[in-house]
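What follows is input-v5.cif (mmCIF, C-alpha atoms).
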data_upload
loop_
_atom_site.group_PDB
_atom_site.id
_atom_site.type_symbol
_atom_site.label_atom_id
_atom_site.label_comp_id
_atom_site.auth_asym_id
_atom_site.auth_seq_id
_atom_site.Cartn_x
_atom_site.Cartn_y
_atom_site.Cartn_z
ATOM 1 C CA MET A 1 0.000 0.000 0.000
ATOM 2 C CA LYS A 2 2.795 2.417 0.912
ATOM 3 C CA LYS A 3 4.615 1.672 -2.338
ATOM 4 C CA ALA A 4 1.463 2.275 -4.365
ATOM 5 C CA PHE A 5 0.896 5.519 -2.465
ATOM 6 C CA ARG A 6 4.462 6.652 -3.184
ATOM 7 C CA ILE A 7 4.048 5.877 -6.868
ATOM 8 C CA LEU A 8 0.753 7.747 -6.988
ATOM 9 C CA PHE A 9 2.271 10.678 -5.140
ATOM 10 C CA SER A 10 5.253 10.723 -7.502
ATOM 11 C CA VAL A 11 3.002 10.713 -10.560
ATOM 12 C CA LEU A 12 0.827 13.489 -9.144
ATOM 13 C CA PHE A 13 3.898 15.530 -8.185
ATOM 14 C CA PHE A 14 5.340 15.044 -11.670
ATOM 15 C CA TRP A 15 2.201 16.325 -13.384
ATOM 16 C CA LEU A 16 1.903 19.162 -10.877
ATOM 17 C CA ALA A 17 5.453 20.229 -11.681
ATOM 18 C CA ILE A 18 4.778 19.936 -15.427
ATOM 19 C CA GLY A 19 1.562 21.954 -15.123
ATOM 20 C CA LEU A 20 3.233 24.706 -13.146
ATOM 21 C CA TYR A 21 6.212 24.841 -15.502
ATOM 22 C CA PHE A 22 3.991 24.902 -18.585
ATOM 23 C CA THR A 23 1.757 27.688 -17.294
ATOM 24 C CA ASN A 24 4.689 29.713 -15.966
ATOM 25 C CA ARG A 25 6.221 29.635 -19.440
ATOM 26 C CA ILE A 26 2.946 30.872 -20.929
ATOM 27 C CA MET A 27 1.848 33.414 -18.331
ATOM 28 C CA TYR A 28 5.278 34.863 -17.598
ATOM 29 C CA ILE A 29 7.029 34.492 -20.937
ATOM 30 C CA LYS A 30 10.427 36.136 -20.820
ATOM 31 C CA LYS A 31 10.262 39.561 -22.430
ATOM 32 C CA LYS A 32 13.050 41.141 -24.438
ATOM 33 C CA ASP A 33 15.083 43.718 -22.565
ATOM 34 C CA GLU A 34 13.858 47.209 -23.408
ATOM 35 C CA GLU A 35 17.379 48.489 -24.058
ATOM 36 C CA PHE A 36 17.936 45.568 -26.414
ATOM 37 C CA ILE A 37 14.795 46.470 -28.395
ATOM 38 C CA LEU A 38 15.784 50.125 -28.544
ATOM 39 C CA ASN A 39 19.363 49.423 -29.661
ATOM 40 C CA ARG A 40 18.251 46.794 -32.177
ATOM 41 C CA GLU A 41 15.809 49.161 -33.853
ATOM 42 C CA LYS A 42 18.311 52.041 -33.823
ATOM 43 C CA GLN A 43 21.147 49.967 -35.269
ATOM 44 C CA ALA A 44 18.875 48.623 -38.020
ATOM 45 C CA GLY A 45 17.844 52.164 -38.953
ATOM 46 C CA ARG A 46 14.208 51.536 -38.083
ATOM 47 C CA PHE A 47 14.135 53.935 -35.137
ATOM 48 C CA ASN A 48 15.621 57.421 -35.336
ATOM 49 C CA PRO A 49 15.550 59.049 -31.867
ATOM 50 C CA ASP A 50 15.798 62.583 -33.254
ATOM 51 C CA GLU A 51 12.923 62.069 -35.682
ATOM 52 C CA TYR A 52 10.848 60.383 -32.998
ATOM 53 C CA ASP A 53 11.503 63.132 -30.460
ATOM 54 C CA SER A 54 10.550 65.831 -32.985
ATOM 55 C CA LEU A 55 7.269 64.123 -33.871
ATOM 56 C CA PRO A 56 4.156 65.951 -32.583
ATOM 57 C CA LYS A 57 2.912 63.449 -30.031
ATOM 58 C CA ARG A 58 1.732 62.978 -26.479
ATOM 59 C CA ASP A 59 1.771 60.226 -23.909
ATOM 60 C CA VAL A 60 -1.609 58.709 -23.144
ATOM 61 C CA THR A 61 -2.826 56.562 -20.255
ATOM 62 C CA ILE A 62 -5.872 54.386 -20.911
ATOM 63 C CA ARG A 63 -7.559 52.384 -18.185
ATOM 64 C CA SER A 64 -7.837 48.658 -18.820
ATOM 65 C CA PRO A 65 -11.156 47.010 -17.893
ATOM 66 C CA PHE A 66 -9.007 44.828 -15.608
ATOM 67 C CA GLY A 67 -7.865 47.763 -13.503
ATOM 68 C CA TYR A 68 -4.340 48.561 -14.689
ATOM 69 C CA ASN A 69 -3.051 51.334 -16.943
ATOM 70 C CA ILE A 70 -2.321 50.895 -20.645
ATOM 71 C CA LYS A 71 0.454 53.217 -21.759
ATOM 72 C CA ALA A 72 0.296 54.641 -25.264
ATOM 73 C CA VAL A 73 1.754 57.335 -27.498
ATOM 74 C CA LEU A 74 -0.527 59.321 -29.817
ATOM 75 C CA ALA A 75 1.356 60.833 -32.765
ATOM 76 C CA GLU A 76 -0.594 63.508 -34.642
ATOM 77 C CA PRO A 77 1.461 65.368 -37.244
ATOM 78 C CA HIS A 78 -1.481 65.522 -39.675
ATOM 79 C CA GLU A 79 -4.729 67.495 -39.608
ATOM 80 C CA THR A 80 -6.875 64.465 -40.386
ATOM 81 C CA ASN A 81 -9.459 62.095 -38.969
ATOM 82 C CA ARG A 82 -7.465 59.077 -40.218
ATOM 83 C CA TYR A 83 -5.760 57.002 -37.529
ATOM 84 C CA VAL A 84 -4.021 53.638 -37.244
ATOM 85 C CA ILE A 85 -3.522 51.748 -33.968
ATOM 86 C CA ILE A 86 -0.379 49.588 -33.836
ATOM 87 C CA SER A 87 -0.507 46.358 -31.804
ATOM 88 C CA HIS A 88 2.948 44.830 -31.157
ATOM 89 C CA GLY A 89 3.994 41.204 -30.717
ATOM 90 C CA VAL A 90 4.751 39.194 -27.606
ATOM 91 C CA THR A 91 8.018 40.065 -25.763
ATOM 92 C CA GLU A 92 8.234 43.401 -27.667
ATOM 93 C CA ASN A 93 7.016 46.917 -26.807
ATOM 94 C CA LYS A 94 5.800 50.042 -28.575
ATOM 95 C CA ILE A 95 9.317 50.993 -29.733
ATOM 96 C CA ASN A 96 9.113 48.015 -32.084
ATOM 97 C CA SER A 97 5.891 49.550 -33.442
ATOM 98 C CA VAL A 98 7.545 52.815 -34.502
ATOM 99 C CA LYS A 99 8.630 51.442 -37.901
ATOM 100 C CA TYR A 100 5.025 50.522 -38.708
ATOM 101 C CA ALA A 101 3.805 53.869 -37.387
ATOM 102 C CA ASN A 102 6.222 55.622 -39.737
ATOM 103 C CA LEU A 103 4.767 53.675 -42.661
ATOM 104 C CA PHE A 104 1.304 55.066 -41.934
ATOM 105 C CA LEU A 105 2.521 58.529 -40.983
ATOM 106 C CA GLU A 106 4.089 58.723 -44.451
ATOM 107 C CA ARG A 107 0.656 57.895 -45.870
ATOM 108 C CA GLY A 108 -1.146 60.695 -44.081
ATOM 109 C CA PHE A 109 -2.447 58.789 -41.061
ATOM 110 C CA ASN A 110 -1.933 59.696 -37.434
ATOM 111 C CA THR A 111 -0.981 56.758 -35.212
ATOM 112 C CA LEU A 112 -1.477 55.400 -31.721
ATOM 113 C CA LEU A 113 1.138 52.983 -30.332
ATOM 114 C CA TYR A 114 0.472 51.143 -27.099
ATOM 115 C CA ASP A 115 2.100 48.559 -24.841
ATOM 116 C CA HIS A 116 0.221 45.321 -24.249
ATOM 117 C CA ARG A 117 -0.456 44.218 -20.683
ATOM 118 C CA ARG A 118 2.705 43.128 -18.871
ATOM 119 C CA HIS A 119 4.802 44.705 -21.635
ATOM 120 C CA GLY A 120 6.627 48.017 -21.778
ATOM 121 C CA GLU A 121 5.095 50.572 -19.455
ATOM 122 C CA SER A 122 1.646 48.977 -19.202
ATOM 123 C CA GLY A 123 0.366 47.139 -16.141
ATOM 124 C CA GLY A 124 -1.015 43.635 -15.893
ATOM 125 C CA LYS A 125 0.471 40.529 -14.320
ATOM 126 C CA THR A 126 0.221 37.896 -17.072
ATOM 127 C CA THR A 127 0.389 37.482 -20.831
ATOM 128 C CA SER A 128 -2.624 35.720 -22.372
ATOM 129 C CA TYR A 129 -1.860 35.870 -26.122
ATOM 130 C CA GLY A 130 -5.023 37.738 -26.997
ATOM 131 C CA TYR A 131 -7.553 36.484 -24.468
ATOM 132 C CA TYR A 132 -7.332 39.466 -22.096
ATOM 133 C CA GLU A 133 -5.419 41.626 -24.584
ATOM 134 C CA LYS A 134 -8.432 41.882 -26.892
ATOM 135 C CA PHE A 135 -10.376 43.686 -24.163
ATOM 136 C CA ASP A 136 -7.474 46.093 -23.715
ATOM 137 C CA LEU A 137 -7.468 46.748 -27.461
ATOM 138 C CA LYS A 138 -11.181 47.520 -27.257
ATOM 139 C CA ALA A 139 -10.404 49.999 -24.467
ATOM 140 C CA VAL A 140 -7.795 51.642 -26.705
ATOM 141 C CA VAL A 141 -10.217 51.804 -29.654
ATOM 142 C CA ASP A 142 -13.009 53.176 -27.461
ATOM 143 C CA TRP A 143 -10.710 55.841 -26.014
ATOM 144 C CA LEU A 144 -9.562 56.993 -29.444
ATOM 145 C CA LYS A 145 -13.098 57.123 -30.824
ATOM 146 C CA LYS A 146 -14.277 59.121 -27.827
ATOM 147 C CA GLU A 147 -11.293 61.444 -28.144
ATOM 148 C CA LYS A 148 -11.616 62.033 -31.902
ATOM 149 C CA GLY A 149 -15.351 61.803 -32.461
ATOM 150 C CA PRO A 150 -17.761 59.894 -34.685
ATOM 151 C CA ASP A 151 -16.076 60.742 -37.994
ATOM 152 C CA LEU A 152 -12.899 58.836 -37.114
ATOM 153 C CA VAL A 153 -11.509 56.616 -39.885
ATOM 154 C CA LEU A 154 -9.632 53.816 -38.176
ATOM 155 C CA GLY A 155 -7.211 51.059 -39.128
ATOM 156 C CA ILE A 156 -5.500 48.555 -36.856
ATOM 157 C CA HIS A 157 -2.131 46.958 -37.627
ATOM 158 C CA GLY A 158 -1.008 43.962 -35.575
ATOM 159 C CA VAL A 159 2.060 41.722 -35.565
ATOM 160 C CA SER A 160 2.184 38.136 -34.248
ATOM 161 C CA MET A 161 0.334 38.110 -30.893
ATOM 162 C CA GLY A 162 -0.756 41.666 -31.693
ATOM 163 C CA ALA A 163 -2.314 40.449 -34.937
ATOM 164 C CA ALA A 164 -4.083 37.572 -33.182
ATOM 165 C CA THR A 165 -5.325 40.009 -30.541
ATOM 166 C CA MET A 166 -6.648 42.294 -33.270
ATOM 167 C CA LEU A 167 -8.509 39.455 -35.011
ATOM 168 C CA LEU A 168 -10.006 38.272 -31.715
ATOM 169 C CA TYR A 169 -11.125 41.831 -30.952
ATOM 170 C CA ALA A 170 -12.733 42.222 -34.382
ATOM 171 C CA GLY A 171 -14.236 38.740 -34.486
ATOM 172 C CA LEU A 172 -15.463 38.426 -30.902
ATOM 173 C CA LEU A 173 -16.067 41.902 -29.493
ATOM 174 C CA GLU A 174 -16.751 44.326 -32.349
ATOM 175 C CA ASP A 175 -15.690 44.840 -35.938
ATOM 176 C CA GLY A 176 -14.761 48.341 -34.862
ATOM 177 C CA ALA A 177 -12.142 49.411 -37.404
ATOM 178 C CA ASP A 178 -12.467 50.300 -41.062
ATOM 179 C CA PHE A 179 -9.584 48.023 -42.034
ATOM 180 C CA TYR A 180 -7.089 45.592 -40.475
ATOM 181 C CA ILE A 181 -3.561 44.457 -41.306
ATOM 182 C CA ALA A 182 -2.671 41.107 -39.713
ATOM 183 C CA ASP A 183 1.064 40.407 -39.911
ATOM 184 C CA CYS A 184 2.020 36.770 -39.036
ATOM 185 C CA PRO A 185 -0.873 35.909 -36.687
ATOM 186 C CA PHE A 186 -1.457 32.437 -35.320
ATOM 187 C CA SER A 187 -4.818 30.964 -36.261
ATOM 188 C CA ASP A 188 -5.314 28.890 -33.116
ATOM 189 C CA PHE A 189 -3.366 29.054 -29.846
ATOM 190 C CA LYS A 190 -3.694 25.335 -29.107
ATOM 191 C CA GLN A 191 -2.246 24.454 -32.511
ATOM 192 C CA GLN A 192 0.501 27.036 -32.055
ATOM 193 C CA LEU A 193 1.482 25.623 -28.668
ATOM 194 C CA ALA A 194 1.500 22.096 -30.098
ATOM 195 C CA HIS A 195 3.823 23.244 -32.883
ATOM 196 C CA VAL A 196 6.221 24.961 -30.457
ATOM 197 C CA ILE A 197 6.251 21.971 -28.083
ATOM 198 C CA LYS A 198 7.120 19.573 -30.903
ATOM 199 C CA ARG A 199 9.682 21.946 -32.424
ATOM 200 C CA ASP A 200 11.490 23.096 -29.281
ATOM 201 C CA PHE A 201 11.035 20.190 -26.841
ATOM 202 C CA LYS A 202 10.752 17.256 -29.251
ATOM 203 C CA ILE A 203 7.888 15.723 -27.286
ATOM 204 C CA PHE A 204 4.346 14.786 -28.195
ATOM 205 C CA PRO A 205 1.958 17.512 -26.938
ATOM 206 C CA GLY A 206 -1.053 15.228 -26.541
ATOM 207 C CA LEU A 207 -0.810 14.793 -22.757
ATOM 208 C CA LEU A 208 0.923 18.068 -21.951
ATOM 209 C CA LEU A 209 -1.699 20.356 -23.466
ATOM 210 C CA PRO A 210 -4.728 19.084 -21.487
ATOM 211 C CA ILE A 211 -2.764 19.210 -18.216
ATOM 212 C CA GLY A 212 -1.390 22.652 -19.031
ATOM 213 C CA ASP A 213 -4.817 23.883 -20.049
ATOM 214 C CA ALA A 214 -6.341 22.704 -16.774
ATOM 215 C CA PHE A 215 -3.666 24.570 -14.809
ATOM 216 C CA LEU A 216 -4.111 27.655 -16.989
ATOM 217 C CA ARG A 217 -7.848 27.705 -16.293
ATOM 218 C CA LEU A 218 -7.111 27.531 -12.563
ATOM 219 C CA ARG A 219 -4.308 30.087 -12.545
ATOM 220 C CA ASP A 220 -5.287 32.647 -15.206
ATOM 221 C CA LYS A 221 -9.016 31.912 -15.649
ATOM 222 C CA TYR A 222 -9.116 31.128 -19.367
ATOM 223 C CA SER A 223 -8.607 28.154 -21.638
ATOM 224 C CA ILE A 224 -6.227 27.946 -24.584
ATOM 225 C CA ARG A 225 -9.290 26.835 -26.590
ATOM 226 C CA HIS A 226 -10.670 30.362 -26.173
ATOM 227 C CA VAL A 227 -7.752 31.934 -28.061
ATOM 228 C CA SER A 228 -8.655 30.973 -31.600
ATOM 229 C CA PRO A 229 -8.813 33.653 -34.321
ATOM 230 C CA ILE A 230 -9.799 31.023 -36.901
ATOM 231 C CA SER A 231 -13.027 30.341 -34.982
ATOM 232 C CA VAL A 232 -14.174 33.976 -35.256
ATOM 233 C CA ILE A 233 -12.579 35.208 -38.493
ATOM 234 C CA GLU A 234 -15.855 34.832 -40.422
ATOM 235 C CA ASN A 235 -17.403 37.513 -38.184
ATOM 236 C CA ILE A 236 -15.071 40.191 -39.534
ATOM 237 C CA LYS A 237 -16.756 42.057 -42.365
ATOM 238 C CA HIS A 238 -14.283 44.890 -42.931
ATOM 239 C CA PRO A 239 -11.187 44.429 -45.147
ATOM 240 C CA VAL A 240 -8.222 42.463 -43.831
ATOM 241 C CA LEU A 241 -4.723 42.363 -45.324
ATOM 242 C CA PHE A 242 -2.961 39.151 -44.244
ATOM 243 C CA ILE A 243 0.843 39.151 -44.263
ATOM 244 C CA HIS A 244 3.308 36.359 -43.492
ATOM 245 C CA SER A 245 6.923 35.487 -44.294
ATOM 246 C CA ARG A 246 7.282 32.334 -46.348
ATOM 247 C CA ASP A 247 10.145 31.024 -44.165
ATOM 248 C CA ASP A 248 8.530 31.694 -40.778
ATOM 249 C CA ASP A 249 9.096 28.546 -38.707
ATOM 250 C CA PHE A 250 7.703 29.905 -35.430
ATOM 251 C CA ILE A 251 4.158 30.703 -36.566
ATOM 252 C CA LEU A 252 3.743 28.741 -39.765
ATOM 253 C CA PRO A 253 2.512 30.560 -42.889
ATOM 254 C CA SER A 254 -0.172 27.889 -43.259
ATOM 255 C CA MET A 255 -1.952 29.551 -40.339
ATOM 256 C CA THR A 256 -2.289 32.791 -42.284
ATOM 257 C CA HIS A 257 -3.395 30.851 -45.371
ATOM 258 C CA ASP A 258 -6.137 29.221 -43.269
ATOM 259 C CA LEU A 259 -7.263 32.574 -41.881
ATOM 260 C CA PHE A 260 -7.321 34.067 -45.372
ATOM 261 C CA GLU A 261 -9.401 31.187 -46.715
ATOM 262 C CA HIS A 262 -11.969 31.474 -43.902
ATOM 263 C CA LYS A 263 -12.261 35.269 -44.032
ATOM 264 C CA LYS A 264 -15.386 36.297 -45.934
ATOM 265 C CA GLY A 265 -15.638 39.537 -47.866
ATOM 266 C CA PRO A 266 -12.814 41.951 -48.749
ATOM 267 C CA LYS A 267 -9.329 40.588 -48.112
ATOM 268 C CA MET A 268 -5.794 40.404 -49.506
ATOM 269 C CA LEU A 269 -2.844 38.105 -48.907
ATOM 270 C CA TYR A 270 0.877 38.869 -49.124
ATOM 271 C CA ILE A 271 3.535 36.182 -48.532
ATOM 272 C CA ALA A 272 6.940 37.819 -48.145
ATOM 273 C CA GLU A 273 9.884 36.148 -49.845
ATOM 274 C CA ASN A 274 12.492 37.020 -47.207
ATOM 275 C CA GLY A 275 12.790 36.878 -43.427
ATOM 276 C CA VAL A 276 11.477 34.620 -40.694
ATOM 277 C CA HIS A 277 8.976 35.368 -37.936
ATOM 278 C CA ALA A 278 7.793 39.004 -37.750
ATOM 279 C CA GLN A 279 10.421 40.099 -40.291
ATOM 280 C CA ALA A 280 8.245 40.643 -43.343
ATOM 281 C CA PHE A 281 8.642 44.409 -43.091
ATOM 282 C CA ASP A 282 12.275 44.336 -41.950
ATOM 283 C CA GLU A 283 13.422 42.143 -44.843
ATOM 284 C CA ASN A 284 10.978 43.265 -47.573
ATOM 285 C CA PRO A 285 10.253 46.954 -46.862
ATOM 286 C CA ASP A 286 9.562 48.024 -50.452
ATOM 287 C CA ASP A 287 7.217 45.134 -51.200
ATOM 288 C CA TYR A 288 5.531 45.554 -47.818
ATOM 289 C CA LYS A 289 4.812 49.223 -48.527
ATOM 290 C CA ARG A 290 3.635 48.435 -52.042
ATOM 291 C CA VAL A 291 1.162 45.829 -50.794
ATOM 292 C CA VAL A 292 -0.161 48.174 -48.094
ATOM 293 C CA ASP A 293 -0.689 50.841 -50.773
ATOM 294 C CA GLU A 294 -2.506 48.341 -53.012
ATOM 295 C CA PHE A 295 -4.697 47.284 -50.095
ATOM 296 C CA LEU A 296 -5.594 50.848 -49.152
ATOM 297 C CA ASP A 297 -6.209 51.707 -52.800
ATOM 298 C CA LYS A 298 -8.432 48.677 -53.372
ATOM 299 C CA TYR A 299 -10.466 48.602 -50.216
ATOM 300 C CA THR A 300 -10.506 52.134 -48.835
ATOM 301 C CA GLN A 301 -10.773 55.591 -50.308
ATOM 302 C CA TYR A 302 -7.484 56.549 -48.691
ATOM 303 C CA ALA A 303 -4.876 55.512 -51.225
ATOM 304 C CA TYR A 304 -1.380 56.894 -50.736
#
Is it possible to express this structure as structure tokens?
Amino acid sequence: MKKAFRILFSVLFFWLAIGLYFTNRIMYIKKKDEEFILNREKQAGRFNPDEYDSLPKRDVTIRSPFGYNIKAVLAEPHETNRYVIISHGVTENKINSVKYANLFLERGFNTLLYDHRRHGESGGKTTSYGYYEKFDLKAVVDWLKKEKGPDLVLGIHGVSMGAATMLLYAGLLEDGADFYIADCPFSDFKQQLAHVIKRDFKIFPGLLLPIGDAFLRLRDKYSIRHVSPISVIENIKHPVLFIHSRDDDFILPSMTHDLFEHKKGPKMLYIAENGVHAQAFDENPDDYKRVVDEFLDKYTQYAY
């Protein structure tokens, strides 16, 4: 009896340790150092401190529905009602969004950059890959619409987790923008986790995912099954430009192909020839800009 009890205890302890490790890796994913992000963008020529400092802008604090502050920067060099919100990827911050903001500033849009929960200067204790972040994005959209009035023309640009967050916002909460640009989103968080587990840990995810999901529901009050842009993409009626790098091995391009196929109504797809994950703009800037111009020209009245 004692031996059986010890075996049972060992098995339970093993799965407890696995569940805690799995959810810690998800909830408290290691973020990139902010100085590293800043220096990387400066050295690559994608962030010019002098140009950024001279830009007419102001810091903004938006209250999350979960009680913490969302920190944002509103850049308004143009007398216009055209705005684009930039939603960055996991482990990054709004400095990484400046290059995308510049793209839209050059096209006559004003921009709002913000830090996701638990990233940059924003509050929040955990990262949820779009589950809680979509409500924060709604708070950002609502704030901007209240600030700028009913005639606001709005686009949202998202990268990686930021793109998934954007699609979840538009598909689950409200199709509240006039257009969307989804750069390398995952289509389903469960499938994405399974891919990463097999790629990085060389183990079969079949047992790990249910255990991890159970712990995640206990610890962060949501299920990985609830983070699935593919399940809500058909609800988005406004135009979506889907972008992915062909050689992305972190979030596979097939996920963007699936999202594109399931999206009804106006849409475009661009598969970048160069770069890996979240590098479509970095490695293909001219083509990226050209495709954005074609998208705006085709599906909005605001061609560059």
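Nearest to Ser54 in chain A of all the residues A:Thr23, A:Ala75, A:Asp33, A:Gly171 is A:Ala75, based on all atoms listed in the file.
Here the selection is built from all atoms listed in the file, and the residues within 10 Å of (7.1, 47.3, -30.7) turn out to be A:Glu34, A:Ile37, A:Leu38, A:Glu41, A:Ile86, A:Ser87, A:His88, A:Gly89, A:Val90, A:Thr91, A:Glu92, A:Asn93, A:Lys94, A:Ile95, A:Asn96, A:Ser97, A:Val98, A:Lys99, A:Tyr100, A:Ala101, A:Leu113, A:Tyr114, A:Asp115, A:His116, A:His119, A:Gly120, A:Val159, A:Gly162.
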Shell around Leu241 in chain A at 7 Å using all atoms listed in the file, local window under 6 positions removed, as a short mmCIF file (atom, residue, chain, number, x, y, z; two decimals) with C-alpha atoms, in the frame of the given file:
data_model
loop_
_atom_site.label_atom_id
_atom_site.label_comp_id
_atom_site.auth_asym_id
_atom_site.auth_seq_id
_atom_site.Cartn_x
_atom_site.Cartn_y
_atom_site.Cartn_z
CA TYR A 180 -7.09 45.59 -40.48
CA ILE A 181 -3.56 44.46 -41.31
CA ALA A 182 -2.67 41.11 -39.71
CA LYS A 267 -9.33 40.59 -48.11
CA MET A 268 -5.79 40.40 -49.51
CA LEU A 269 -2.84 38.10 -48.91
CA PHE A 295 -4.70 47.28 -50.10
#
Show which residues sit within 7 Å of Thr165 in chain A, as a PyMOL selection string. Count all atoms listed in the file, and ignore same-chain residues fewer than 4 positions away.
-> chain A and resi 129-130+133-134+161+169
Residue selection dump (C-alpha atoms) as a PDB file, keeping the file's coordinate frame:
ATOM      1  CA  TYR A 129      -1.860  35.870 -26.122  1.00  0.00           C
ATOM      2  CA  GLY A 130      -5.023  37.738 -26.997  1.00  0.00           C
ATOM      3  CA  GLU A 133      -5.419  41.626 -24.584  1.00  0.00           C
ATOM      4  CA  LYS A 134      -8.432  41.882 -26.892  1.00  0.00           C
ATOM      5  CA  MET A 161       0.334  38.110 -30.893  1.00  0.00           C
ATOM      6  CA  TYR A 169     -11.125  41.831 -30.952  1.00  0.00           C
TER       7      TYR A 169
END
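Comparing A:Pro65, A:Gly124, A:Asp151, A:Lys146 by their smallest distance to Asn81 in chain A, the closest is A:Asp151 (using all atoms listed in the file).
Minimum distance to Gly149 in chain A across A:Tyr270, A:Arg246, A:Leu259, A:Thr80 (counting only C-alpha atoms) occurs at A:Thr80.
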I need the residue set behind the PyMOL selection byres ((chain A and resi 298) around 12) for this file; please write it as a list in words.
->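 On the file shown, the PyMOL selection byres ((chain A and resi 298) around 12) covers Phe179, Pro239, Val240, Leu241, Pro266, Lys267, Met268, Val291, Val292, Asp293, Glu294, Phe295, Leu296, Asp297, Tyr299, Thr300, Gln301, Tyr302, Ala303 and Tyr304 of chain A.
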Can you work out which one of A:Ala278, A:Leu208, A:Ile224, A:Ala170 has the shortest atom-to-atom distance to Lys237 in chain A, counting only C-alpha atoms?
-> A:Ala170
Would you mind putting N, CA, C and O atoms back on range 237-248 of chain A and writing the result as a PDB file, in the coordinates of the input?
ATOM      1  N   LYS A 237     -16.222  41.641 -41.074  1.00  0.00           N
ATOM      2  CA  LYS A 237     -16.756  42.057 -42.365  1.00  0.00           C
ATOM      3  C   LYS A 237     -15.859  43.069 -43.077  1.00  0.00           C
ATOM      4  O   LYS A 237     -15.857  43.131 -44.308  1.00  0.00           O
ATOM      5  N   HIS A 238     -15.127  43.865 -42.323  1.00  0.00           N
ATOM      6  CA  HIS A 238     -14.283  44.890 -42.931  1.00  0.00           C
ATOM      7  C   HIS A 238     -13.018  44.275 -43.539  1.00  0.00           C
ATOM      8  O   HIS A 238     -12.653  43.141 -43.210  1.00  0.00           O
ATOM      9  N   PRO A 239     -12.334  44.999 -44.420  1.00  0.00           N
ATOM     10  CA  PRO A 239     -11.187  44.429 -45.147  1.00  0.00           C
ATOM     11  C   PRO A 239     -10.028  44.053 -44.220  1.00  0.00           C
ATOM     12  O   PRO A 239      -9.719  44.757 -43.263  1.00  0.00           O
ATOM     13  N   VAL A 240      -9.407  42.926 -44.553  1.00  0.00           N
ATOM     14  CA  VAL A 240      -8.222  42.463 -43.831  1.00  0.00           C
ATOM     15  C   VAL A 240      -7.116  42.161 -44.838  1.00  0.00           C
ATOM     16  O   VAL A 240      -7.329  41.437 -45.819  1.00  0.00           O
ATOM     17  N   LEU A 241      -5.930  42.729 -44.593  1.00  0.00           N
ATOM     18  CA  LEU A 241      -4.723  42.363 -45.324  1.00  0.00           C
ATOM     19  C   LEU A 241      -3.930  41.392 -44.453  1.00  0.00           C
ATOM     20  O   LEU A 241      -3.521  41.739 -43.345  1.00  0.00           O
ATOM     21  N   PHE A 242      -3.738  40.169 -44.950  1.00  0.00           N
ATOM     22  CA  PHE A 242      -2.961  39.151 -44.244  1.00  0.00           C
ATOM     23  C   PHE A 242      -1.537  39.133 -44.797  1.00  0.00           C
ATOM     24  O   PHE A 242      -1.345  39.100 -46.020  1.00  0.00           O
ATOM     25  N   ILE A 243      -0.566  39.131 -43.886  1.00  0.00           N
ATOM     26  CA  ILE A 243       0.843  39.151 -44.263  1.00  0.00           C
ATOM     27  C   ILE A 243       1.569  38.049 -43.500  1.00  0.00           C
ATOM     28  O   ILE A 243       1.309  37.830 -42.313  1.00  0.00           O
ATOM     29  N   HIS A 244       2.488  37.366 -44.164  1.00  0.00           N
ATOM     30  CA  HIS A 244       3.308  36.359 -43.492  1.00  0.00           C
ATOM     31  C   HIS A 244       4.589  36.158 -44.294  1.00  0.00           C
ATOM     32  O   HIS A 244       4.573  36.275 -45.523  1.00  0.00           O
ATOM     33  N   SER A 245       5.682  35.851 -43.609  1.00  0.00           N
ATOM     34  CA  SER A 245       6.923  35.487 -44.294  1.00  0.00           C
ATOM     35  C   SER A 245       6.893  34.013 -44.654  1.00  0.00           C
ATOM     36  O   SER A 245       6.515  33.172 -43.833  1.00  0.00           O
ATOM     37  N   ARG A 246       7.316  33.709 -45.852  1.00  0.00           N
ATOM     38  CA  ARG A 246       7.282  32.334 -46.348  1.00  0.00           C
ATOM     39  C   ARG A 246       8.109  31.389 -45.486  1.00  0.00           C
ATOM     40  O   ARG A 246       7.754  30.215 -45.315  1.00  0.00           O
ATOM     41  N   ASP A 247       9.222  31.878 -44.919  1.00  0.00           N
ATOM     42  CA  ASP A 247      10.145  31.024 -44.165  1.00  0.00           C
ATOM     43  C   ASP A 247       9.948  31.108 -42.658  1.00  0.00           C
ATOM     44  O   ASP A 247      10.831  30.682 -41.903  1.00  0.00           O
ATOM     45  N   ASP A 248       8.823  31.630 -42.209  1.00  0.00           N
ATOM     46  CA  ASP A 248       8.530  31.694 -40.778  1.00  0.00           C
ATOM     47  C   ASP A 248       8.364  30.270 -40.241  1.00  0.00           C
ATOM     48  O   ASP A 248       7.468  29.548 -40.660  1.00  0.00           O
TER      49      ASP A 248
END
